[in-house]
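For reference, run.csv (CSV, C-alpha atoms):
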chain,number,residue,atom,x,y,z
V,1,MET,CA,-7.7,-17.4,31.5
V,2,ASN,CA,-5.0,-15.5,33.4
V,3,LYS,CA,-6.3,-12.0,33.9
V,4,THR,CA,-2.8,-10.5,34.4
V,5,LEU,CA,-1.5,-12.0,31.1
V,6,LEU,CA,-4.7,-10.8,29.3
V,7,ALA,CA,-4.4,-7.3,30.6
V,8,LEU,CA,-0.7,-7.1,29.5
V,9,ALA,CA,-1.1,-9.0,26.3
V,10,VAL,CA,-1.0,-6.0,24.0
V,11,THR,CA,2.0,-4.5,25.7
V,12,ALA,CA,3.9,-7.7,25.7
V,13,ALA,CA,3.3,-8.2,22.0
V,14,ALA,CA,4.5,-4.7,21.2
V,15,ILE,CA,7.7,-4.5,23.2
V,16,GLY,CA,9.0,-8.1,23.1
V,17,THR,CA,11.4,-9.3,25.7
V,18,GLN,CA,12.6,-6.6,28.1
V,19,ALA,CA,12.9,-5.7,31.7
V,20,ASN,CA,9.8,-5.1,33.8
V,21,ALA,CA,8.6,-1.6,34.6
V,22,VAL,CA,9.5,-0.1,37.9
V,23,GLU,CA,6.8,-0.4,40.6
V,24,ILE,CA,6.4,2.9,42.4
V,25,TYR,CA,3.2,2.2,44.4
V,26,ASN,CA,1.5,-0.9,45.8
V,27,LYS,CA,-1.2,-0.6,48.4
V,28,GLU,CA,-4.7,-1.9,49.1
V,29,GLY,CA,-5.1,-3.5,45.7
V,30,THR,CA,-3.7,-0.6,43.6
V,31,THR,CA,-0.3,-0.7,41.9
V,32,ALA,CA,1.4,2.0,39.8
V,33,LYS,CA,4.4,1.4,37.5
V,34,ILE,CA,6.6,3.5,35.3
V,35,GLY,CA,8.1,1.9,32.2
V,36,GLY,CA,9.3,2.6,28.7
V,37,HIS,CA,12.8,3.0,27.3
V,38,ALA,CA,15.4,5.5,26.1
V,39,THR,CA,16.8,4.4,22.8
V,40,VAL,CA,19.4,6.1,20.6
V,41,ALA,CA,21.6,5.0,17.7
V,42,PHE,CA,24.0,6.3,15.2
V,43,GLN,CA,23.0,5.6,11.6
V,44,SER,CA,24.9,5.8,8.3
V,45,ASN,CA,22.8,6.0,5.2
V,46,GLU,CA,23.9,5.3,1.6
V,47,GLN,CA,21.7,6.6,-1.2
V,48,GLY,CA,22.8,5.4,-4.6
V,49,SER,CA,26.5,5.9,-5.0
V,50,LYS,CA,26.6,8.7,-2.4
V,51,SER,CA,27.3,8.1,1.3
V,52,GLY,CA,25.2,10.2,3.6
V,53,GLN,CA,26.3,11.6,6.9
V,54,ILE,CA,26.2,9.7,10.2
V,55,VAL,CA,23.1,10.8,12.0
V,56,GLN,CA,21.4,10.1,15.3
V,57,ASN,CA,18.3,7.9,15.2
V,58,GLU,CA,15.9,7.7,18.2
V,59,LYS,CA,14.3,4.3,17.5
V,60,SER,CA,11.0,5.1,19.3
V,61,PRO,CA,12.0,6.1,22.9
V,62,ARG,CA,9.0,6.4,25.2
V,63,VAL,CA,7.9,6.7,28.8
V,64,ASN,CA,4.7,5.3,30.3
V,65,LEU,CA,2.7,5.2,33.5
V,66,GLU,CA,0.3,2.3,34.2
V,67,VAL,CA,-2.0,2.1,37.2
V,68,THR,CA,-4.2,-1.0,38.1
V,69,THR,CA,-6.7,-1.4,40.9
V,70,GLU,CA,-8.9,-4.3,42.1
V,71,LEU,CA,-12.6,-3.4,41.9
V,72,GLY,CA,-13.8,-6.7,43.4
V,73,ASN,CA,-15.8,-9.6,42.0
V,74,GLY,CA,-12.9,-10.6,39.9
V,75,VAL,CA,-12.7,-7.2,38.0
V,76,THR,CA,-9.5,-5.2,37.6
V,77,ALA,CA,-9.4,-1.7,36.2
V,78,ASP,CA,-6.3,-0.2,34.5
V,79,VAL,CA,-5.3,3.0,32.9
V,80,LYS,CA,-2.2,3.6,30.8
V,81,GLY,CA,-0.6,6.7,29.3
V,82,GLU,CA,2.5,6.4,27.1
V,83,TRP,CA,4.4,9.3,25.4
V,84,ALA,CA,7.1,9.3,22.8
V,85,ILE,CA,10.2,11.2,23.9
V,86,ASN,CA,12.0,13.7,21.7
V,87,MET,CA,15.7,13.0,22.4
V,88,GLU,CA,17.2,14.6,19.2
V,89,ASN,CA,15.8,18.1,18.7
V,90,GLY,CA,16.4,20.6,21.4
V,91,GLY,CA,13.5,23.1,21.7
V,92,GLY,CA,11.1,20.7,20.0
V,93,ASN,CA,8.0,19.1,21.6
V,94,THR,CA,9.2,16.8,24.4
V,95,PHE,CA,6.3,14.4,24.5
V,96,THR,CA,3.7,13.2,22.0
V,97,THR,CA,1.0,10.7,22.7
V,98,ARG,CA,1.6,7.0,21.8
V,99,LEU,CA,-1.0,5.3,24.0
V,100,GLY,CA,-3.8,6.4,26.3
V,101,TYR,CA,-6.6,4.1,27.4
V,102,ILE,CA,-8.7,2.7,30.3
V,103,GLY,CA,-9.4,-1.0,30.5
V,104,LEU,CA,-11.5,-3.4,32.6
V,105,THR,CA,-10.6,-7.1,32.9
V,106,HIS,CA,-12.6,-10.0,34.3
V,107,GLU,CA,-11.1,-13.4,35.0
V,108,LYS,CA,-13.7,-15.1,32.8
V,109,ALA,CA,-15.6,-12.4,30.9
V,110,GLY,CA,-12.5,-11.0,29.2
V,111,ARG,CA,-11.2,-7.5,28.7
V,112,VAL,CA,-12.7,-4.2,27.3
V,113,ALA,CA,-10.6,-1.1,26.7
V,114,LEU,CA,-11.3,2.4,25.3
V,115,GLY,CA,-8.7,4.9,23.9
V,116,THR,CA,-5.5,4.9,21.8
V,117,GLN,CA,-4.2,1.3,22.2
V,118,TRP,CA,-2.5,-1.5,20.4
V,119,SER,CA,-5.2,-2.9,18.1
V,120,GLN,CA,-6.7,-6.4,17.8
V,121,TYR,CA,-5.3,-6.5,14.2
V,122,TYR,CA,-1.8,-6.0,15.7
V,123,MET,CA,-2.3,-9.0,17.9
V,124,ALA,CA,-1.9,-11.1,14.7
V,125,ALA,CA,0.4,-8.8,12.7
V,126,GLY,CA,2.9,-8.0,15.5
V,127,VAL,CA,4.6,-11.4,15.5
V,128,VAL,CA,7.3,-10.0,13.1
V,129,ASP,CA,7.4,-6.5,14.7
V,130,GLN,CA,10.0,-7.5,17.3
V,131,PRO,CA,13.6,-6.2,16.5
V,132,ILE,CA,14.9,-2.9,17.7
V,133,ALA,CA,16.8,-1.7,14.6
V,134,TRP,CA,14.3,-2.4,11.8
V,135,SER,CA,10.9,-4.0,12.3
V,136,ASN,CA,7.6,-4.1,10.5
V,137,GLY,CA,7.2,-1.1,8.1
V,138,PHE,CA,3.8,-1.6,6.4
V,139,LEU,CA,1.9,-1.9,9.7
V,140,TYR,CA,2.6,1.7,10.5
V,141,ASN,CA,1.2,3.2,7.2
V,142,ASN,CA,-1.6,5.4,8.5
V,143,HIS,CA,-2.0,3.0,11.4
V,144,GLY,CA,-3.6,5.4,13.9
V,145,ALA,CA,-6.7,6.1,11.8
V,146,LEU,CA,-6.8,2.7,10.0
V,147,GLY,CA,-6.2,0.6,13.1
V,148,THR,CA,-3.3,-1.6,12.0
V,149,ALA,CA,-0.9,-0.9,14.9
V,150,ARG,CA,-1.6,1.7,17.6
V,151,ALA,CA,-5.2,2.5,16.8
V,152,ASP,CA,-6.7,5.9,17.7
V,153,ARG,CA,-10.1,6.1,19.5
V,154,LEU,CA,-10.5,2.3,19.6
V,155,ALA,CA,-13.1,0.4,21.6
V,156,SER,CA,-11.9,-3.2,22.0
V,157,TYR,CA,-12.8,-6.5,23.5
V,158,SER,CA,-10.5,-9.5,23.9
V,159,ASN,CA,-10.6,-12.9,25.6
V,160,SER,CA,-9.0,-16.3,25.6
V,161,LEU,CA,-10.0,-19.9,26.1
V,162,ASP,CA,-7.4,-22.2,27.7
V,163,PHE,CA,-7.8,-25.9,26.7
V,164,GLY,CA,-4.8,-27.1,28.7
V,165,ASP,CA,-2.5,-29.4,26.7
V,166,ALA,CA,-4.8,-28.8,23.7
V,167,GLY,CA,-3.7,-25.2,23.4
V,168,THR,CA,-5.2,-21.7,23.8
V,169,LEU,CA,-7.7,-19.8,21.6
V,170,ASN,CA,-7.4,-16.0,21.6
V,171,PHE,CA,-9.9,-13.6,20.0
V,172,GLY,CA,-10.7,-9.9,19.9
V,173,LEU,CA,-13.0,-7.3,18.4
V,174,GLY,CA,-12.6,-3.6,17.9
V,175,TRP,CA,-14.4,-0.5,16.5
V,176,GLN,CA,-13.1,3.0,15.7
V,177,GLY,CA,-15.2,6.2,15.0
V,178,ALA,CA,-14.4,9.1,12.7
V,179,SER,CA,-10.8,10.1,12.2
V,180,GLU,CA,-8.6,12.1,9.7
V,181,PHE,CA,-5.2,11.2,8.2
V,182,THR,CA,-2.8,12.0,5.4
V,183,SER,CA,-1.6,9.0,3.4
V,184,ASN,CA,2.2,8.3,3.4
V,185,VAL,CA,4.1,8.7,0.2
V,186,VAL,CA,6.9,6.9,-1.6
V,187,SER,CA,9.4,9.6,-2.2
V,188,ASP,CA,12.9,10.9,-1.4
V,189,ASP,CA,11.4,14.3,-0.9
V,190,LYS,CA,10.9,14.7,2.9
V,191,THR,CA,8.6,17.6,2.2
V,192,ALA,CA,6.2,15.6,0.0
V,193,THR,CA,2.8,15.1,1.5
V,194,GLY,CA,0.1,12.6,0.7
V,195,VAL,CA,-3.7,12.9,0.1
V,196,LYS,CA,-6.0,13.8,3.1
V,197,TYR,CA,-8.7,11.4,4.0
V,198,ASP,CA,-11.6,11.0,6.4
V,199,ALA,CA,-12.1,7.5,7.9
V,200,SER,CA,-15.2,6.4,9.7
V,201,ASN,CA,-16.9,3.4,11.4
V,202,ARG,CA,-13.9,1.0,11.2
V,203,ALA,CA,-14.3,-2.5,12.6
V,204,GLN,CA,-11.7,-5.2,13.2
V,205,GLY,CA,-11.2,-8.6,14.6
V,206,SER,CA,-8.6,-11.2,15.3
V,207,LEU,CA,-8.4,-14.9,16.0
V,208,GLY,CA,-5.4,-16.9,17.1
V,209,TYR,CA,-4.5,-20.4,18.3
V,210,SER,CA,-1.4,-21.4,20.2
V,211,ILE,CA,-0.1,-24.9,21.1
V,212,ALA,CA,3.3,-26.3,21.9
V,213,GLY,CA,5.2,-23.2,21.0
V,214,PHE,CA,3.4,-22.6,17.7
V,215,ASN,CA,0.9,-19.8,17.0
V,216,VAL,CA,-1.3,-19.1,14.0
V,217,ASN,CA,-3.5,-16.0,13.5
V,218,TYR,CA,-6.0,-14.3,11.3
V,219,ALA,CA,-7.0,-10.7,11.4
V,220,TYR,CA,-9.3,-8.3,9.5
V,221,VAL,CA,-9.7,-4.5,9.6
V,222,GLY,CA,-12.0,-2.5,7.4
V,223,GLY,CA,-14.2,0.6,7.0
V,224,ASP,CA,-14.9,3.6,4.7
V,225,VAL,CA,-12.4,6.3,3.7
V,226,LYS,CA,-13.1,9.4,1.7
V,227,GLU,CA,-10.8,12.1,0.2
V,228,THR,CA,-11.3,15.5,1.8
V,229,THR,CA,-10.5,17.3,-1.4
V,230,GLY,CA,-11.1,16.4,-5.0
V,231,THR,CA,-13.3,13.3,-5.5
V,232,THR,CA,-16.0,12.7,-2.9
V,233,ALA,CA,-16.2,9.0,-3.7
V,234,THR,CA,-16.1,6.7,-0.7
V,235,LYS,CA,-13.7,3.7,-0.8
V,236,LYS,CA,-13.4,0.6,1.3
V,237,ALA,CA,-10.1,0.5,3.1
V,238,GLN,CA,-9.6,-3.0,4.4
V,239,SER,CA,-7.0,-5.7,5.1
V,240,HIS,CA,-7.0,-9.5,5.6
V,241,LEU,CA,-3.9,-10.8,7.3
V,242,VAL,CA,-2.6,-14.2,8.3
V,243,SER,CA,0.4,-14.8,10.5
V,244,ALA,CA,2.3,-17.6,12.2
V,245,LYS,CA,5.2,-17.9,14.6
V,246,TYR,CA,7.2,-20.4,16.6
V,247,GLY,CA,9.1,-19.9,19.8
V,248,ASN,CA,9.8,-16.8,21.9
V,249,PHE,CA,11.8,-13.8,20.5
V,250,GLY,CA,15.2,-13.6,22.2
V,251,SER,CA,15.2,-17.2,23.6
V,252,GLY,CA,16.3,-19.9,21.2
V,253,LEU,CA,14.8,-20.3,17.8
V,254,TYR,CA,12.1,-17.8,16.8
V,255,VAL,CA,10.5,-17.9,13.3
V,256,ALA,CA,7.6,-15.6,12.3
V,257,ALA,CA,5.9,-14.4,9.1
V,258,THR,CA,2.9,-12.3,8.0
V,259,TYR,CA,1.0,-12.0,4.7
V,260,ALA,CA,-1.5,-9.2,4.1
V,261,ASP,CA,-4.0,-8.6,1.3
V,262,ASN,CA,-4.9,-4.9,1.4
V,263,GLU,CA,-7.3,-2.5,-0.3
V,264,ASN,CA,-6.7,1.3,0.0
V,265,MET,CA,-4.5,0.8,3.0
V,266,ASN,CA,-1.1,1.9,1.9
V,267,GLY,CA,0.1,5.2,0.4
V,268,GLY,CA,1.8,5.3,-3.0
V,269,LEU,CA,3.3,7.8,-5.3
V,270,VAL,CA,3.0,11.5,-4.6
V,271,GLY,CA,-0.5,12.8,-5.7
V,272,GLU,CA,-2.0,9.3,-6.2
V,273,GLY,CA,-3.2,8.8,-2.7
V,274,LEU,CA,-4.0,5.3,-1.4
V,275,VAL,CA,-3.0,2.3,-3.6
V,276,ALA,CA,-6.1,0.4,-4.7
V,277,GLU,CA,-4.6,-3.1,-3.9
V,278,THR,CA,-1.4,-4.1,-2.3
V,279,LYS,CA,0.1,-7.4,-1.0
V,280,ALA,CA,2.6,-7.3,1.9
V,281,PHE,CA,4.9,-10.0,3.2
V,282,ASP,CA,7.2,-9.9,6.2
V,283,SER,CA,9.3,-12.6,7.7
V,284,LEU,CA,11.7,-13.0,10.6
V,285,VAL,CA,14.2,-15.7,11.7
V,286,ALA,CA,16.1,-15.1,15.0
V,287,TYR,CA,18.1,-17.2,17.4
V,288,GLY,CA,18.7,-16.1,21.0
V,289,LEU,CA,21.8,-17.6,22.7
V,290,ASP,CA,22.1,-18.2,26.4
V,291,ASN,CA,24.8,-15.4,26.7
V,292,GLY,CA,22.2,-12.7,25.7
V,293,LEU,CA,23.1,-12.4,22.0
V,294,ASN,CA,20.2,-12.5,19.6
V,295,LEU,CA,20.9,-12.9,15.9
V,296,ILE,CA,18.2,-11.8,13.5
V,297,VAL,CA,17.5,-12.0,9.7
V,298,LYS,CA,14.4,-10.1,8.5
V,299,HIS,CA,12.8,-9.5,5.1
V,300,GLU,CA,9.9,-7.4,4.1
V,301,GLU,CA,8.3,-6.3,0.8
V,302,MET,CA,5.1,-4.8,-0.7
V,303,LYS,CA,3.7,-5.0,-4.2
V,304,ASP,CA,1.2,-2.8,-6.0
V,305,GLU,CA,-1.1,-5.3,-7.6
V,306,VAL,CA,-2.7,-2.8,-10.0
V,307,LYS,CA,0.6,-1.7,-11.5
V,308,GLY,CA,2.1,-5.1,-11.1
V,309,LEU,CA,5.2,-3.5,-9.5
V,310,ARG,CA,7.1,-4.1,-6.3
V,311,MET,CA,6.8,-0.9,-4.2
V,312,ASN,CA,9.6,-1.6,-1.8
V,313,SER,CA,11.7,-4.5,-0.4
V,314,ALA,CA,14.4,-4.7,2.3
V,315,THR,CA,16.5,-7.4,3.9
V,316,SER,CA,18.3,-6.8,7.2
V,317,LEU,CA,20.9,-8.6,9.3
V,318,GLN,CA,20.6,-7.5,13.0
V,319,ALA,CA,22.1,-8.4,16.3
V,320,GLU,CA,21.0,-7.5,19.8
V,321,TYR,CA,23.0,-8.1,23.0
V,322,THR,CA,21.5,-8.0,26.5
V,323,ILE,CA,24.2,-6.6,28.7
V,324,THR,CA,22.0,-6.3,31.8
V,325,PRO,CA,18.2,-6.9,32.1
V,326,ARG,CA,17.8,-3.1,31.7
V,327,PHE,CA,20.4,-2.3,28.9
V,328,ARG,CA,20.5,-3.8,25.4
V,329,ALA,CA,23.0,-3.0,22.6
V,330,PHE,CA,22.0,-3.5,19.0
V,331,THR,CA,23.4,-3.2,15.5
V,332,GLY,CA,22.5,-4.1,12.0
V,333,TYR,CA,22.8,-3.5,8.2
V,334,LYS,CA,19.7,-3.1,6.0
V,335,PHE,CA,19.9,-3.9,2.2
V,336,ASP,CA,17.4,-1.8,0.3
V,337,ASN,CA,16.3,-4.0,-2.6
V,338,GLN,CA,14.2,-1.0,-3.9
V,339,GLY,CA,10.9,-0.9,-5.7
V,340,GLU,CA,10.3,-1.5,-9.4
V,341,GLY,CA,9.5,0.9,-12.3
V,342,VAL,CA,8.0,4.2,-11.1
V,343,TYR,CA,8.6,3.2,-7.5
V,344,LYS,CA,12.3,2.7,-8.1
V,345,GLU,CA,12.4,6.1,-9.8
V,346,ALA,CA,10.6,7.8,-6.9
V,347,LYS,CA,12.9,6.5,-4.2
V,348,ALA,CA,16.7,5.9,-4.5
V,349,ARG,CA,18.4,3.0,-3.0
V,350,ASN,CA,19.2,3.6,0.7
V,351,ASN,CA,21.3,0.9,2.4
V,352,GLU,CA,21.7,1.6,6.1
V,353,PHE,CA,24.1,0.7,8.9
V,354,LEU,CA,23.1,1.3,12.5
V,355,ILE,CA,24.5,0.8,16.0
V,356,GLY,CA,23.0,1.9,19.3
V,357,GLY,CA,21.7,1.1,22.8
V,358,ARG,CA,18.4,0.8,24.6
V,359,PHE,CA,17.9,1.5,28.3
V,360,TYR,CA,14.7,0.1,29.8
V,361,LEU,CA,13.1,2.1,32.5
Could you show the structure in this file as structure tokens?
Amino acid sequence: MNKTLLALAVTAAAIGTQANAVEIYNKEGTTAKIGGHATVAFQSNEQGSKSGQIVQNEKSPRVNLEVTTELGNGVTADVKGEWAINMENGGGNTFTTRLGYIGLTHEKAGRVALGTQWSQYYMAAGVVDQPIAWSNGFLYNNHGALGTARADRLASYSNSLDFGDAGTLNFGLGWQGASEFTSNVVSDDKTATGVKYDASNRAQGSLGYSIAGFNVNYAYVGGDVKETTGTTATKKAQSHLVSAKYGNFGSGLYVAATYADNENMNGGLVGEGLVAETKAFDSLVAYGLDNGLNLIVKHEEMKDEVKGLRMNSATSLQAEYTITPRFRAFTGYKFDNQGEGVYKEAKARNNEFLIGGRFYL
């Protein structure tokens, strides 16, 4: 097991192919790096037969600071803080927390980390969460409290077993304590709010195997949730997910897909809270050329199994072009295939065109 790769595994899965962070200090076994990116785009929306205005879209700009130090006996400690940057609204909050954790990594014993971090579930689910313009949507439904992407207050353990030519086995475990969240809603009304919940004692785990460019994964996350108003009944909010990928995003052929079987994980119609059972599918095919151009086709959809209706569906055509290792241009068009029945009524069609740039720090 390579301890450097293990310590950076979560970050690498989240950000895809990009320039390295800038090293600002390196002395006596301690290094400090500043990273992140500034990303802005102009986006044109189309709702139904009406064309919306061209608006600015930030696309998750962030800045982070990571410090690592050698403790001896094969142990490395690291701390990372990452903050979202507000690049659109003058006078608004400049920084909000995305990541904040402390980790310990041993060459053979593995890695433990505590804080807000990319989850073990995401290690399997993030294989499709790669493009800049539009990536994986359902992973970010209530993700902080439910632990599907960046998990709040997560204690985690991860490790890997390298079998040489026979491949590599990766595995991880995680646990979250009490947290509060408001479920997302399917609605055109930006002021609409979901139902408030308490979540507690959430556990998760992932298992993956990689060989000859192929990777397959399984992940589980689950725990209790309870509405803070109305009914006091406790529900199980859990997800089983399988995923697979081939290749490296941005270099040659890359194919990836995820399938999730969820209970009380995703928000639905206004006033209804979490949907009792959903199925989510996401797929991605990309081809990165030697000249820096990466062509991408992506499709995602989710279904409400109780109502028997598609909640949402979208297909996007995207392109990214690496001008320099630190600057990438991107563009794309997303076809909103809409939901069905009451979900179609709740949210109008919204096709989107987007063009922008990302500057890596």
Item to check | Between atom CA of Glu352 of chain V and atom CA of Ala151 of chain V, distance in Å (one decimal) | outcome: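 That distance, rounded to one decimal, is 29.0 Å.
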Checklist entry - Looking at V:Lys303, V:Arg111, V:Lys334, V:Lys196, which one is nearest to Ser316 of chain V, with distances taken over only C-alpha atoms? => result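 Distance minimum relative to Ser316 of chain V lands on V:Lys334.
Shortest separation to Met265 of chain V among V:Glu345, V:Asn142, V:Ala233, V:Met302 occurs at residue V:Asn142, atoms counted being only C-alpha atoms.
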Item to check | Separation of atom CA of Tyr220 of chain V from atom CA of Asn201 of chain V in Å | outcome: 14.1 Å
Item to check | Residues near Ala145 of chain V, cut-off 9 Å, only C-alpha atoms, skip fewer than 2 positions along chain, as a ChimeraX atom specification | outcome: /V:142-143,147-148,150-153,176,178-181,198-200,202
Item to check | Residue among V:Glu320, V:Gly268, V:Thr258, V:Leu295 lying closest to Ser283 of chain V, counting only C-alpha atoms | outcome: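 Of the candidates, the smallest distance to Ser283 of chain V is held by V:Thr258.
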Item to check | Point-to-point distance from atom CA of Lys235 of chain V to atom CA of Gly177 of chain V, Å rounded to tenths | outcome: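 About the pair atom CA of Lys235 of chain V and atom CA of Gly177 of chain V: they are 16.1 Å apart.
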Next on the checklist: For segment 60-65 of chain V, find every residue with an atom within 6 Å (counting only C-alpha atoms), except residues of its own chain fewer than 3 positions away, and show them as a ChimeraX atom specification.
Outcome noted: /V:33-39,80-85
Checklist entry - Looking at all atoms listed in the file, which of V:Phe42, V:Gly208, V:Asp165, V:Thr68 is the one that sits closest to Gln120 of chain V? => result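 Selected residue with least distance to Gln120 of chain V: V:Gly208.
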Next on the checklist: At a cut-off of 6 Å, using all atoms listed in the file, what residues contact segment 323-328 of chain V? Leave out same-chain residues fewer than 6 positions from it and give the result as a count of residues only.
Outcome noted: 5
